[in-house]
Structures are given as structure tokens and as C-alpha cells.
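Visitor: So that you have it, the file is structure_29.txt, and it contains compact mmCIF, C-alpha atoms and all ligand atoms:
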```txt
# COMPACT_ATOMS: atom_id res chain seq x y z
CA MET S 13 -64.07 -53.27 23.80
CA GLU S 14 -61.96 -50.32 22.72
CA VAL S 15 -58.41 -50.11 24.08
CA VAL S 16 -57.08 -46.57 24.59
CA ARG S 17 -53.27 -46.29 24.56
CA ILE S 18 -52.36 -43.65 27.14
CA ARG S 19 -49.29 -41.53 26.27
CA PRO S 20 -46.68 -40.98 27.52
CA ARG S 21 -46.16 -44.35 29.16
CA GLY S 22 -43.36 -46.87 29.75
CA TYR S 23 -39.58 -46.47 29.84
CA CYS S 24 -38.18 -43.14 31.04
CA HIS S 25 -34.73 -41.77 30.20
CA GLY S 26 -33.27 -42.95 33.54
CA VAL S 27 -34.28 -46.56 32.99
CA VAL S 28 -33.15 -46.62 29.35
CA GLU S 29 -29.73 -45.29 30.35
CA ALA S 30 -29.36 -47.66 33.36
CA ILE S 31 -30.15 -50.73 31.24
CA ARG S 32 -27.81 -49.58 28.45
CA LEU S 33 -24.97 -49.03 30.91
CA ALA S 34 -25.44 -52.35 32.75
CA LYS S 35 -25.59 -54.36 29.49
CA GLN S 36 -22.48 -52.62 28.20
CA VAL S 37 -20.57 -53.44 31.40
CA GLY S 38 -21.79 -57.06 31.29
CA ALA S 39 -20.51 -57.39 27.70
CA GLU S 40 -17.16 -55.72 28.39
CA ARG S 41 -16.21 -57.58 31.61
CA ARG S 42 -16.70 -61.18 30.53
CA ASP S 43 -13.54 -62.18 32.43
CA ARG S 44 -14.77 -61.17 35.91
CA PRO S 45 -18.00 -60.98 37.89
CA VAL S 46 -20.42 -58.10 37.35
CA THR S 47 -23.02 -57.69 40.10
CA MET S 48 -25.95 -55.32 40.29
CA LEU S 49 -26.66 -54.27 43.82
CA GLY S 50 -30.43 -54.67 44.06
CA TYR S 51 -32.87 -54.65 41.16
CA LEU S 52 -31.45 -52.26 38.54
CA VAL S 53 -35.02 -51.18 37.93
CA HIS S 54 -37.99 -52.77 39.63
CA ASN S 55 -38.96 -55.17 36.88
CA GLU S 56 -38.32 -58.93 36.86
CA HIS S 57 -38.20 -59.16 33.06
CA VAL S 58 -35.47 -56.55 32.84
CA THR S 59 -33.60 -58.39 35.59
CA GLN S 60 -33.75 -61.64 33.64
CA GLU S 61 -32.46 -59.94 30.48
CA LEU S 62 -29.55 -58.52 32.45
CA GLU S 63 -28.71 -61.91 33.98
CA GLU S 64 -28.53 -63.26 30.42
CA ALA S 65 -26.19 -60.36 29.56
CA GLY S 66 -23.81 -61.45 32.35
CA VAL S 67 -24.99 -59.06 35.09
CA HIS S 68 -25.70 -61.06 38.24
CA LEU S 69 -28.31 -59.80 40.75
CA VAL S 70 -27.89 -59.49 44.51
CA ALA S 71 -31.55 -59.06 45.47
CA GLU S 72 -31.07 -57.24 48.76
CA THR S 73 -33.03 -54.04 49.44
CA ASP S 74 -30.50 -53.03 52.11
CA ARG S 75 -27.57 -52.08 49.86
CA MET S 76 -24.96 -52.33 52.63
CA LYS S 77 -26.05 -55.91 53.40
CA GLY S 78 -26.09 -56.74 49.71
CA LEU S 79 -22.56 -55.45 49.31
CA GLU S 80 -21.34 -58.07 51.81
CA GLN S 81 -22.18 -60.68 49.17
CA VAL S 82 -20.02 -59.02 46.49
CA ARG S 83 -16.48 -60.33 46.85
CA ASP S 84 -14.77 -59.05 43.71
CA GLY S 85 -15.23 -57.64 40.23
CA THR S 86 -17.60 -54.83 39.29
CA VAL S 87 -20.59 -53.59 41.23
CA VAL S 88 -23.40 -51.73 39.44
CA PHE S 89 -25.46 -49.27 41.47
CA THR S 90 -29.08 -49.00 40.41
CA ALA S 91 -31.10 -46.13 38.92
CA HIS S 92 -32.51 -45.42 42.41
CA GLY S 93 -29.23 -43.95 43.66
CA ILE S 94 -26.90 -45.02 46.44
CA SER S 95 -25.74 -43.59 49.76
CA PRO S 96 -22.15 -42.27 50.08
CA GLN S 97 -21.58 -44.84 52.87
CA VAL S 98 -22.23 -47.74 50.47
CA VAL S 99 -20.03 -46.15 47.79
CA GLN S 100 -17.20 -45.89 50.33
CA ALA S 101 -17.72 -49.48 51.50
CA ALA S 102 -17.51 -50.68 47.87
CA ARG S 103 -14.24 -48.76 47.43
CA ASP S 104 -12.91 -50.28 50.67
CA ARG S 105 -13.63 -53.75 49.25
CA GLY S 106 -11.60 -52.90 46.14
CA LEU S 107 -14.57 -53.22 43.78
CA GLU S 108 -14.86 -51.44 40.46
CA ILE S 109 -17.89 -49.14 40.65
CA VAL S 110 -20.36 -48.47 37.86
CA ASP S 111 -23.05 -46.00 38.87
CA ALA S 112 -26.35 -46.21 36.96
CA THR S 113 -28.09 -43.67 39.21
CA CYS S 114 -30.66 -41.65 37.24
CA SER S 115 -29.60 -38.03 36.70
CA ASP S 116 -32.87 -36.88 38.32
CA VAL S 117 -32.00 -38.76 41.52
CA THR S 118 -28.44 -37.41 41.45
CA ARG S 119 -29.97 -33.91 41.36
CA THR S 120 -31.82 -34.65 44.63
CA HIS S 121 -28.57 -35.90 46.22
CA ASP S 122 -26.82 -32.69 45.14
CA LEU S 123 -29.68 -30.59 46.49
CA VAL S 124 -29.65 -32.31 49.90
CA ARG S 125 -25.85 -31.97 50.11
CA GLU S 126 -26.06 -28.26 49.30
CA LEU S 127 -28.92 -27.55 51.73
CA ALA S 128 -27.19 -29.45 54.54
CA GLY S 129 -24.01 -27.50 53.82
CA ARG S 130 -25.96 -24.26 54.23
CA GLY S 131 -27.24 -25.38 57.63
CA TYR S 132 -30.79 -26.47 56.69
CA GLN S 133 -32.81 -29.23 58.30
CA ILE S 134 -34.36 -31.26 55.49
CA VAL S 135 -37.72 -33.00 55.51
CA TYR S 136 -37.72 -35.73 52.85
CA ILE S 137 -41.04 -37.21 51.70
CA GLY S 138 -40.57 -40.82 50.58
CA LYS S 139 -41.47 -44.46 51.12
CA ARG S 140 -39.68 -46.32 53.90
CA GLY S 141 -37.90 -49.45 52.71
CA HIS S 142 -37.45 -48.16 49.13
CA PRO S 143 -33.84 -47.82 47.97
CA GLU S 144 -34.18 -44.25 46.68
CA PRO S 145 -34.90 -42.66 50.10
CA ALA S 146 -32.16 -44.84 51.65
CA GLY S 147 -29.66 -43.36 49.20
CA VAL S 148 -30.78 -39.75 49.75
CA LEU S 149 -30.86 -40.06 53.54
CA GLY S 150 -27.25 -41.22 53.49
CA VAL S 151 -26.17 -37.87 51.98
CA ALA S 152 -26.88 -35.94 55.18
CA PRO S 153 -28.13 -38.44 57.78
CA ASP S 154 -27.99 -36.02 60.72
CA ARG S 155 -29.98 -33.34 58.93
CA THR S 156 -32.61 -35.32 57.01
CA THR S 157 -35.92 -36.64 58.34
CA LEU S 158 -37.96 -39.12 56.29
CA ILE S 159 -41.74 -38.77 56.43
CA GLU S 160 -44.55 -40.50 54.51
CA SER S 161 -47.76 -38.73 55.52
CA ILE S 162 -49.54 -35.62 56.76
CA GLU S 163 -49.81 -37.27 60.20
CA GLU S 164 -46.03 -37.43 60.33
CA VAL S 165 -45.81 -33.71 59.51
CA ASP S 166 -47.95 -33.06 62.58
CA ALA S 167 -45.47 -34.98 64.74
CA LEU S 168 -42.47 -32.85 63.65
CA HIS S 169 -40.94 -30.31 66.03
CA TYR S 170 -38.47 -27.61 65.03
CA ALA S 171 -37.34 -24.66 67.12
CA PRO S 172 -38.51 -21.24 65.88
CA GLY S 173 -36.08 -19.85 63.30
CA THR S 174 -34.87 -23.30 62.15
CA ARG S 175 -33.81 -23.17 58.50
CA LEU S 176 -36.08 -25.78 56.96
CA ALA S 177 -36.43 -27.28 53.48
CA VAL S 178 -38.58 -30.04 52.03
CA THR S 179 -37.89 -32.35 49.11
CA CYS S 180 -39.14 -35.76 48.00
CA GLN S 181 -38.72 -39.10 46.23
CA THR S 182 -38.94 -38.77 42.43
CA THR S 183 -41.76 -41.30 41.88
CA LEU S 184 -44.46 -40.28 44.39
CA SER S 185 -48.05 -39.27 43.67
CA MET S 186 -48.02 -35.57 42.70
CA TRP S 187 -51.24 -34.94 44.61
CA ASP S 188 -50.32 -36.75 47.85
CA THR S 189 -46.95 -35.05 47.91
CA GLN S 190 -48.43 -31.58 47.38
CA ALA S 191 -50.86 -32.16 50.27
CA ILE S 192 -47.97 -33.13 52.57
CA ILE S 193 -45.93 -30.11 51.45
CA ASP S 194 -48.92 -27.78 51.99
CA ARG S 195 -49.35 -29.06 55.54
CA LEU S 196 -45.64 -28.65 56.24
CA VAL S 197 -45.65 -25.04 54.96
CA GLN S 198 -48.76 -24.34 57.00
CA ARG S 199 -46.99 -25.55 60.15
CA PHE S 200 -43.56 -24.10 59.33
CA PRO S 201 -44.07 -21.14 56.92
CA GLN S 202 -40.32 -20.62 56.54
CA THR S 203 -39.99 -24.00 54.70
CA GLU S 204 -38.15 -23.83 51.37
CA VAL S 205 -39.91 -26.16 48.90
CA HIS S 206 -38.01 -28.31 46.38
CA ASN S 207 -40.49 -30.68 44.74
CA GLU S 208 -38.32 -33.32 43.07
CA ILE S 209 -40.96 -35.57 41.49
CA CYS S 210 -39.35 -36.21 38.12
CA ARG S 211 -40.84 -35.08 34.84
CA ALA S 212 -41.34 -38.67 33.61
CA THR S 213 -43.44 -39.48 36.70
CA GLN S 214 -45.45 -36.26 36.42
CA GLU S 215 -46.21 -36.71 32.72
CA ARG S 216 -47.31 -40.34 33.16
CA GLN S 217 -49.53 -39.51 36.14
CA GLU S 218 -51.14 -36.48 34.45
CA ALA S 219 -51.82 -38.46 31.26
CA ALA S 220 -53.36 -41.38 33.21
CA VAL S 221 -55.65 -39.12 35.26
CA LEU S 222 -56.72 -37.19 32.17
CA ALA S 223 -57.45 -40.40 30.26
CA ALA S 224 -59.46 -41.79 33.18
CA ASP S 225 -62.18 -39.25 32.31
CA ASP S 226 -62.70 -40.97 29.03
CA VAL S 227 -62.48 -44.69 29.87
CA ASP S 228 -64.25 -47.18 32.16
CA CYS S 229 -61.07 -48.46 33.79
CA VAL S 230 -57.29 -48.34 33.42
CA VAL S 231 -54.78 -51.18 33.24
CA VAL S 232 -51.28 -50.31 34.45
CA VAL S 233 -48.53 -52.64 33.21
CA GLY S 234 -45.76 -52.81 35.80
CA SER S 235 -44.21 -54.74 38.63
CA GLN S 236 -45.53 -54.89 42.20
CA ARG S 237 -42.04 -53.73 43.19
CA SER S 238 -42.24 -50.61 41.05
CA SER S 239 -43.06 -47.47 43.02
CA ASN S 240 -43.99 -45.40 39.96
CA SER S 241 -46.28 -48.16 38.59
CA LYS S 242 -48.14 -48.47 41.90
CA ARG S 243 -48.52 -44.68 42.03
CA LEU S 244 -50.17 -44.77 38.57
CA VAL S 245 -52.81 -47.15 39.96
CA GLN S 246 -53.27 -44.91 42.98
CA VAL S 247 -53.71 -41.65 41.05
CA VAL S 248 -56.18 -43.19 38.58
CA GLU S 249 -58.30 -44.42 41.51
CA GLU S 250 -57.99 -41.36 43.73
CA MET S 251 -57.81 -38.50 41.20
CA GLY S 252 -59.40 -40.08 38.11
CA HIS S 253 -62.11 -41.89 40.14
CA LYS S 254 -61.94 -44.99 37.95
CA PRO S 255 -60.91 -48.58 38.78
CA ALA S 256 -57.28 -49.43 37.98
CA HIS S 257 -55.49 -52.80 37.84
CA LEU S 258 -51.75 -53.42 38.05
CA VAL S 259 -50.58 -56.35 35.90
CA ASP S 260 -47.08 -57.65 35.40
CA THR S 261 -47.92 -59.45 32.14
CA ALA S 262 -50.94 -60.26 29.97
CA ALA S 263 -51.35 -63.50 31.97
CA ASP S 264 -52.50 -61.43 34.98
CA LEU S 265 -55.52 -59.97 33.15
CA ARG S 266 -58.89 -61.18 34.48
CA PRO S 267 -61.77 -61.03 31.98
CA GLU S 268 -64.24 -60.32 34.82
CA TRP S 269 -62.57 -56.94 35.43
CA PHE S 270 -63.88 -55.79 32.06
CA ARG S 271 -67.45 -57.07 32.23
CA GLY S 272 -69.79 -54.34 30.97
CA MET S 273 -66.92 -52.05 29.99
CA ARG S 274 -66.62 -50.35 26.60
CA ARG S 275 -63.31 -48.47 26.84
CA VAL S 276 -60.19 -49.49 28.72
CA GLY S 277 -57.11 -47.30 29.06
CA VAL S 278 -53.61 -48.83 29.14
CA THR S 279 -50.51 -47.24 30.58
CA SER S 280 -47.26 -48.59 32.02
CA GLY S 281 -44.65 -47.71 34.60
CA ALA S 282 -41.30 -46.14 33.79
CA SER S 283 -39.54 -49.49 34.23
CA THR S 284 -41.89 -51.63 32.11
CA PRO S 285 -40.51 -53.13 28.88
CA THR S 286 -42.49 -51.97 25.82
CA GLN S 287 -43.01 -55.56 24.65
CA LEU S 288 -44.99 -56.43 27.82
CA THR S 289 -47.32 -53.48 27.28
CA ARG S 290 -47.83 -54.48 23.63
CA GLU S 291 -48.80 -58.00 24.76
CA VAL S 292 -51.29 -56.64 27.30
CA ILE S 293 -52.88 -54.39 24.65
CA ALA S 294 -53.16 -57.35 22.24
CA ALA S 295 -54.71 -59.53 24.97
CA LEU S 296 -57.25 -56.82 25.87
CA GLU S 297 -58.20 -56.38 22.24
CA ALA S 298 -58.78 -60.13 22.01
CA ILE S 299 -61.27 -60.20 24.90
CA PRO S 300 -64.57 -61.25 23.31
CA ASP S 301 -67.32 -58.64 23.04
CA ALA S 302 -69.57 -60.91 25.08
CA VAL S 303 -67.31 -60.10 28.07
CA GLY S 304 -66.37 -56.52 27.17
CA SER S 305 -69.74 -55.14 26.08
CA ALA S 306 -72.44 -53.94 28.40
CA PRO S 307 -75.22 -56.48 28.79
CA ALA S 308 -78.29 -55.69 26.65
CA SER S 309 -81.01 -54.01 28.67
S1 LIG S 401 -38.78 -42.54 37.13
FE1 LIG S 401 -37.78 -40.52 37.08
S2 LIG S 401 -36.19 -40.62 38.64
FE2 LIG S 401 -36.81 -42.74 38.23
S3 LIG S 401 -35.38 -43.46 36.67
FE3 LIG S 401 -37.15 -42.61 35.58
S4 LIG S 401 -36.64 -40.45 35.13
FE4 LIG S 401 -35.24 -41.21 36.72
```
What is this structure when it is put down as C-alpha cells?
Ligand code: SF4

Guide:
Amino acid sequence: MEVVRIRPRGYCHGVVEAIRLAKQVGAERRDRPVTMLGYLVHNEHVTQELEEAGVHLVAETDRMKGLEQVRDGTVVFTAHGISPQVVQAARDRGLEIVDATCSDVTRTHDLVRELAGRGYQIVYIGKRGHPEPAGVLGVAPDRTTLIESIEEVDALHYAPGTRLAVTCQTTLSMWDTQAIIDRLVQRFPQTEVHNEICRATQERQEAAVLAADDVDCVVVVGSQRSSNSKRLVQVVEEMGHKPAHLVDTAADLRPEWFRGMRRVGVTSGASTPTQLTREVIAALEAIPDAVGSAPAS
């Protein structure tokens, strides 16, 4: 069975920078507690590495609740961004703040602040319960509405003449998001569109869909918690029309997935350590031909 390495894949600039910053803080503040508020990136292996580097995890999706568990020392905000209310609460508790928010997420915060300041209502496309939308919504809570689907666009009501803008979470499916935006513009033609899916997400999705043409199935290495990894599975299935499997490590691979297959593509989410992807590629290459090859006719 041939294994096709899909490129680009794996770590993006935001994750690399967040891990570098957190490890540096862990090394420099040995004398007092360093806490990351939620998973720095959605990957358990990265979290374990950080714990070993002295950065303790408070695994609470609700950042305000998580903050209640941080009594002193330094708090590290994750790459997903943080709401101004949580930043203020951390200051009120006298904590030192280290902000590892990705620059692409910061750009969305700045955009929402600017639009709200100019009197816009903002429709934000994102996943409920994910920390990135929670952070963005906190920037202008009275002016921002979170939606997930075309059905939710149909339930929106704005008075004629309302200044309206749409933006989105950085790690969504490009195709789903465009369909939601199209429906919104159809209903409210005055909508100003600011598609904020980040370049890393776009490039990984485009490469995976393109590669799907050429392989029998795609393996995505990434965590179940990782939005961008799950979106890679989704776009391969929906846009590439090929089966896709999300695996955290090589141990999750099932030989029966590859029965009768000749070519398998491998990609990984933006928060997946390179070593894990290497191990998955090695394990796929070791699958015996008797499993990987098509049965003789
Ligand atoms: S996926 Fe995009 S927004 Fe998220 S950390 Fe990476 S570059 Fe930043």
C-alpha cells in the first residue's frame, strides 16, 4: 500500500509560537505556579509535554470558571484567544498574564471591536462550546450573534437598513462557511463579508481535498478535541468524496479500514506534533500487502 504524504500538514505558525511561549514561561518561572487556562492547543501530547515543562493545565472549557481555580502566579491564555472579561478578571486576581493567542485570532478580535465601534451588528459563524468563539463574542457581546448553520441564518431578523457584517472562526470548513455566508448575503444584501478562516486552515483543507482525488482514503492525525483536525475529515468526506479517519496516534489505526486499498493519503491538524504523524506514516507503510492490496479477482 502506497502512503501519500499530503502537504502542507501539521503545525501552523500560531501553534508553534504558543508552545514556544508557554515552554519559555514554564522555564523562567520555576519559583511560582504557571497555569494554562484550558488546553493550549487541542492536543493531549502537547499538553503532557507542557506539564513536564512546568506549565500546569486547568482543563476547563469555560475560561471564567477555569480562572477560579488559579490562585496565584502566571496564567497563560491559549492560542484560541480570550474574552476581555476573562483578561480583566485575571488582572483583578493579581495574576501575571501571558497571552499566547494566535495573531490570526487577534485579528478577528480587532475586526469585531472596530465593526462594533462603527455601529455594525455582527454575525459570527462558529462552533458553540469552542473557546475561540467564546473569546470573540466577549469583544462585543451586545452586537455579536453566534450562528452555526444555514438554518440559523433563516431565523435571524434585522430591521431594514441595519449595518450588518459577517465573520467567522478561523478553523471552519471553507465550503460550509461560504454556503452560510452566501445565504446570509442573499437574505441581507447589505452584509459586509470578512471571511477569517486562517491561511493555515485553508491550505491544509485545499491540499487534503485535492489529494483525495488521487487516493482511496485519507488518514487525518489529530485530536478529537481539535476543530481544524475534525474539519479536515469533514472536507475530505464531503468535498473529496473519499473515506477519512481521524486518529490520535498510530495505535488507533485499524487494518480493516485499508482492506482493498492501494493508496492512502496522510495529513494532520495544525496542532498535531510532527512525531505522531511520522509514526502513523511508518505504521501504515508496515501494513502487510495482504491487507492493503485489492483481493485478486
Ligand atoms: S489554526 Fe490558524 S488561527 Fe489557529 S493557531 Fe493555527 S494559524 Fe492560528

Visitor: How many Å separate CA of Thr86 (chain S) from CA of Ser235 (chain S)?

Guide: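 Here the two named atoms are 26.6 Å from each other.
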
Visitor: Return as JSON, numbers by chain the residues of protein, DNA or RNA that approach ligand LIG 401 (chain S) to within 8 Å, with all atoms listed in the file taken into account.

Guide: {"S": [23, 24, 25, 26, 27, 53, 91, 92, 113, 114, 115, 116, 117, 182, 183, 209, 210, 211, 212, 213, 240, 282, 283]}

Visitor: Around all listed atoms of region 13-30 of chain S, padded 3 Å per side, what centre and edge lengths does the axis-aligned box have in Å to one decimal, as lines of an AutoDock Vina configuration file?

Guide:
```
center_x = -46.7
center_y = -47.1
center_z = 28.1
size_x = 40.7
size_y = 18.3
size_z = 16.8
```

Visitor: For His206 (chain S), which residue out of S:Thr156, S:Cys180, S:Met76, S:Val88 is the nearest one, using only C-alpha atoms?

Guide: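 Nearest candidate to His206 (chain S) out of S:Thr156, S:Cys180, S:Met76, S:Val88: S:Cys180.
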
Visitor: Find the distance between CA of Ala34 (chain S) and CA of Val46 (chain S) and write it in Å to one decimal.

Guide: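 Between CA of Ala34 (chain S) and CA of Val46 (chain S) the gap is 8.9 Å.
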
Visitor: Quick one: residues within 12 Å of Asp166 (chain S), only C-alpha atoms counted, chain neighbours fewer than 3 positions away excluded, as JSON, numbers by chain?

Guide: {"S": [159, 160, 161, 162, 163, 169, 170, 192, 193, 194, 195, 196, 197, 198, 199, 200]}

Visitor: Can you pull out the residues contacting Glu144 (chain S)? Cut-off 12 Å, using only C-alpha atoms, and skip same-chain residues under 5 positions away; I want them as a PyMOL selection string.

Guide: chain S and resi 50-54+73-75+89-95+113-114+116-118+120-121+136-139+149-151+158+180-184+238-240

Visitor: Looking at S:Lys254, S:Arg105, S:Arg175, S:Arg237, which one is nearest to Pro143 (chain S), with distances taken over only C-alpha atoms?

Guide: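 For Pro143 (chain S), the nearest of the candidates is S:Arg237.
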
Visitor: What is the CA of Val276 (chain S)-CA of Val233 (chain S) distance in Å, reported with one decimal?

Guide: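 Distance between the two atoms: 12.9 Å.
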
Visitor: Within 9 Å of Ala39 (chain S), counting only C-alpha atoms, which residues qualify if same-chain residues fewer than 2 places away don't, as a VMD selection string?

Guide: chain S and resid 34 to 37 41 to 42 65 to 67

Visitor: At most 6 Å from (-65.9, -48.5, 23.0), file frame, only C-alpha atoms: which residues, as a PDB file with C-alpha atoms, in the coordinates of the input?

Guide:
```
ATOM      1  CA  MET S  13     -64.070 -53.270  23.800  1.00  0.00           C
ATOM      2  CA  GLU S  14     -61.960 -50.320  22.720  1.00  0.00           C
ATOM      3  CA  ARG S 274     -66.620 -50.350  26.600  1.00  0.00           C
ATOM      4  CA  ARG S 275     -63.310 -48.470  26.840  1.00  0.00           C
TER       5      ARG S 275
END
```

Visitor: Start from the incomplete input, build N, CA and C atoms for region 159-194 of chain S, and deliver everything as a short mmCIF file (atom, residue, chain, number, x, y, z; two decimals), in the coordinates of the input.

Guide:
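For reference, selection-v5.cif as written:
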```cif
data_model
loop_
_atom_site.label_atom_id
_atom_site.label_comp_id
_atom_site.auth_asym_id
_atom_site.auth_seq_id
_atom_site.Cartn_x
_atom_site.Cartn_y
_atom_site.Cartn_z
N ILE S 159 -40.33 -38.66 56.04
CA ILE S 159 -41.74 -38.77 56.43
C ILE S 159 -42.54 -39.32 55.25
N GLU S 160 -43.72 -39.90 55.57
CA GLU S 160 -44.55 -40.50 54.51
C GLU S 160 -45.93 -39.86 54.42
N SER S 161 -46.34 -39.11 55.46
CA SER S 161 -47.76 -38.73 55.52
C SER S 161 -47.96 -37.38 56.20
N ILE S 162 -49.17 -36.87 56.08
CA ILE S 162 -49.54 -35.62 56.76
C ILE S 162 -49.47 -35.82 58.27
N GLU S 163 -49.87 -37.00 58.76
CA GLU S 163 -49.81 -37.27 60.20
C GLU S 163 -48.38 -37.12 60.71
N GLU S 164 -47.43 -37.54 59.90
CA GLU S 164 -46.03 -37.43 60.33
C GLU S 164 -45.55 -35.97 60.31
N VAL S 165 -46.14 -35.14 59.47
CA VAL S 165 -45.81 -33.71 59.51
C VAL S 165 -46.24 -33.15 60.87
N ASP S 166 -47.41 -33.58 61.32
CA ASP S 166 -47.95 -33.06 62.58
C ASP S 166 -47.10 -33.47 63.78
N ALA S 167 -46.31 -34.52 63.62
CA ALA S 167 -45.47 -34.98 64.74
C ALA S 167 -44.08 -34.32 64.73
N LEU S 168 -43.81 -33.48 63.73
CA LEU S 168 -42.47 -32.85 63.65
C LEU S 168 -42.36 -31.67 64.62
N HIS S 169 -41.18 -31.47 65.16
CA HIS S 169 -40.94 -30.31 66.03
C HIS S 169 -39.63 -29.66 65.63
N TYR S 170 -39.69 -28.38 65.32
CA TYR S 170 -38.47 -27.61 65.03
C TYR S 170 -38.53 -26.32 65.82
N ALA S 171 -37.39 -25.90 66.35
CA ALA S 171 -37.34 -24.66 67.12
C ALA S 171 -37.63 -23.48 66.19
N PRO S 172 -38.25 -22.42 66.72
CA PRO S 172 -38.51 -21.24 65.88
C PRO S 172 -37.19 -20.76 65.25
N GLY S 173 -37.28 -20.36 63.98
CA GLY S 173 -36.08 -19.85 63.30
C GLY S 173 -35.24 -20.93 62.65
N THR S 174 -35.62 -22.22 62.81
CA THR S 174 -34.87 -23.30 62.15
C THR S 174 -34.94 -23.12 60.62
N ARG S 175 -33.79 -23.21 59.97
CA ARG S 175 -33.81 -23.17 58.50
C ARG S 175 -34.29 -24.53 58.02
N LEU S 176 -35.41 -24.53 57.29
CA LEU S 176 -36.08 -25.78 56.96
C LEU S 176 -36.34 -25.87 55.45
N ALA S 177 -36.11 -27.06 54.90
CA ALA S 177 -36.43 -27.28 53.48
C ALA S 177 -37.11 -28.63 53.34
N VAL S 178 -37.92 -28.76 52.29
CA VAL S 178 -38.58 -30.04 52.03
C VAL S 178 -38.28 -30.47 50.60
N THR S 179 -38.02 -31.77 50.44
CA THR S 179 -37.89 -32.35 49.11
C THR S 179 -38.49 -33.76 49.13
N CYS S 180 -38.39 -34.51 48.04
CA CYS S 180 -39.14 -35.76 48.00
C CYS S 180 -38.55 -36.77 47.01
N GLN S 181 -39.03 -38.00 47.15
CA GLN S 181 -38.72 -39.10 46.23
C GLN S 181 -39.26 -38.74 44.84
N THR S 182 -38.59 -39.19 43.79
CA THR S 182 -38.94 -38.77 42.43
C THR S 182 -40.23 -39.40 41.89
N THR S 183 -40.68 -40.52 42.50
CA THR S 183 -41.76 -41.30 41.88
C THR S 183 -43.06 -41.29 42.69
N LEU S 184 -43.25 -40.31 43.55
CA LEU S 184 -44.46 -40.28 44.39
C LEU S 184 -45.67 -39.75 43.61
N SER S 185 -46.85 -39.89 44.22
CA SER S 185 -48.05 -39.27 43.67
C SER S 185 -47.91 -37.75 43.80
N MET S 186 -48.13 -37.03 42.68
CA MET S 186 -48.02 -35.57 42.70
C MET S 186 -48.98 -34.96 43.71
N TRP S 187 -50.19 -35.55 43.80
CA TRP S 187 -51.24 -34.94 44.61
C TRP S 187 -51.00 -35.19 46.10
N ASP S 188 -50.64 -36.43 46.45
CA ASP S 188 -50.32 -36.75 47.85
C ASP S 188 -49.17 -35.88 48.35
N THR S 189 -48.16 -35.77 47.51
CA THR S 189 -46.95 -35.05 47.91
C THR S 189 -47.27 -33.57 48.13
N GLN S 190 -48.08 -33.00 47.22
CA GLN S 190 -48.43 -31.58 47.38
C GLN S 190 -49.20 -31.36 48.68
N ALA S 191 -50.08 -32.31 49.03
CA ALA S 191 -50.86 -32.16 50.27
C ALA S 191 -49.93 -32.19 51.49
N ILE S 192 -48.93 -33.05 51.44
CA ILE S 192 -47.97 -33.13 52.57
C ILE S 192 -47.15 -31.83 52.64
N ILE S 193 -46.72 -31.36 51.48
CA ILE S 193 -45.93 -30.11 51.45
C ILE S 193 -46.78 -28.95 51.98
N ASP S 194 -48.04 -28.88 51.54
CA ASP S 194 -48.92 -27.78 51.99
C ASP S 194 -49.05 -27.77 53.50
#
```
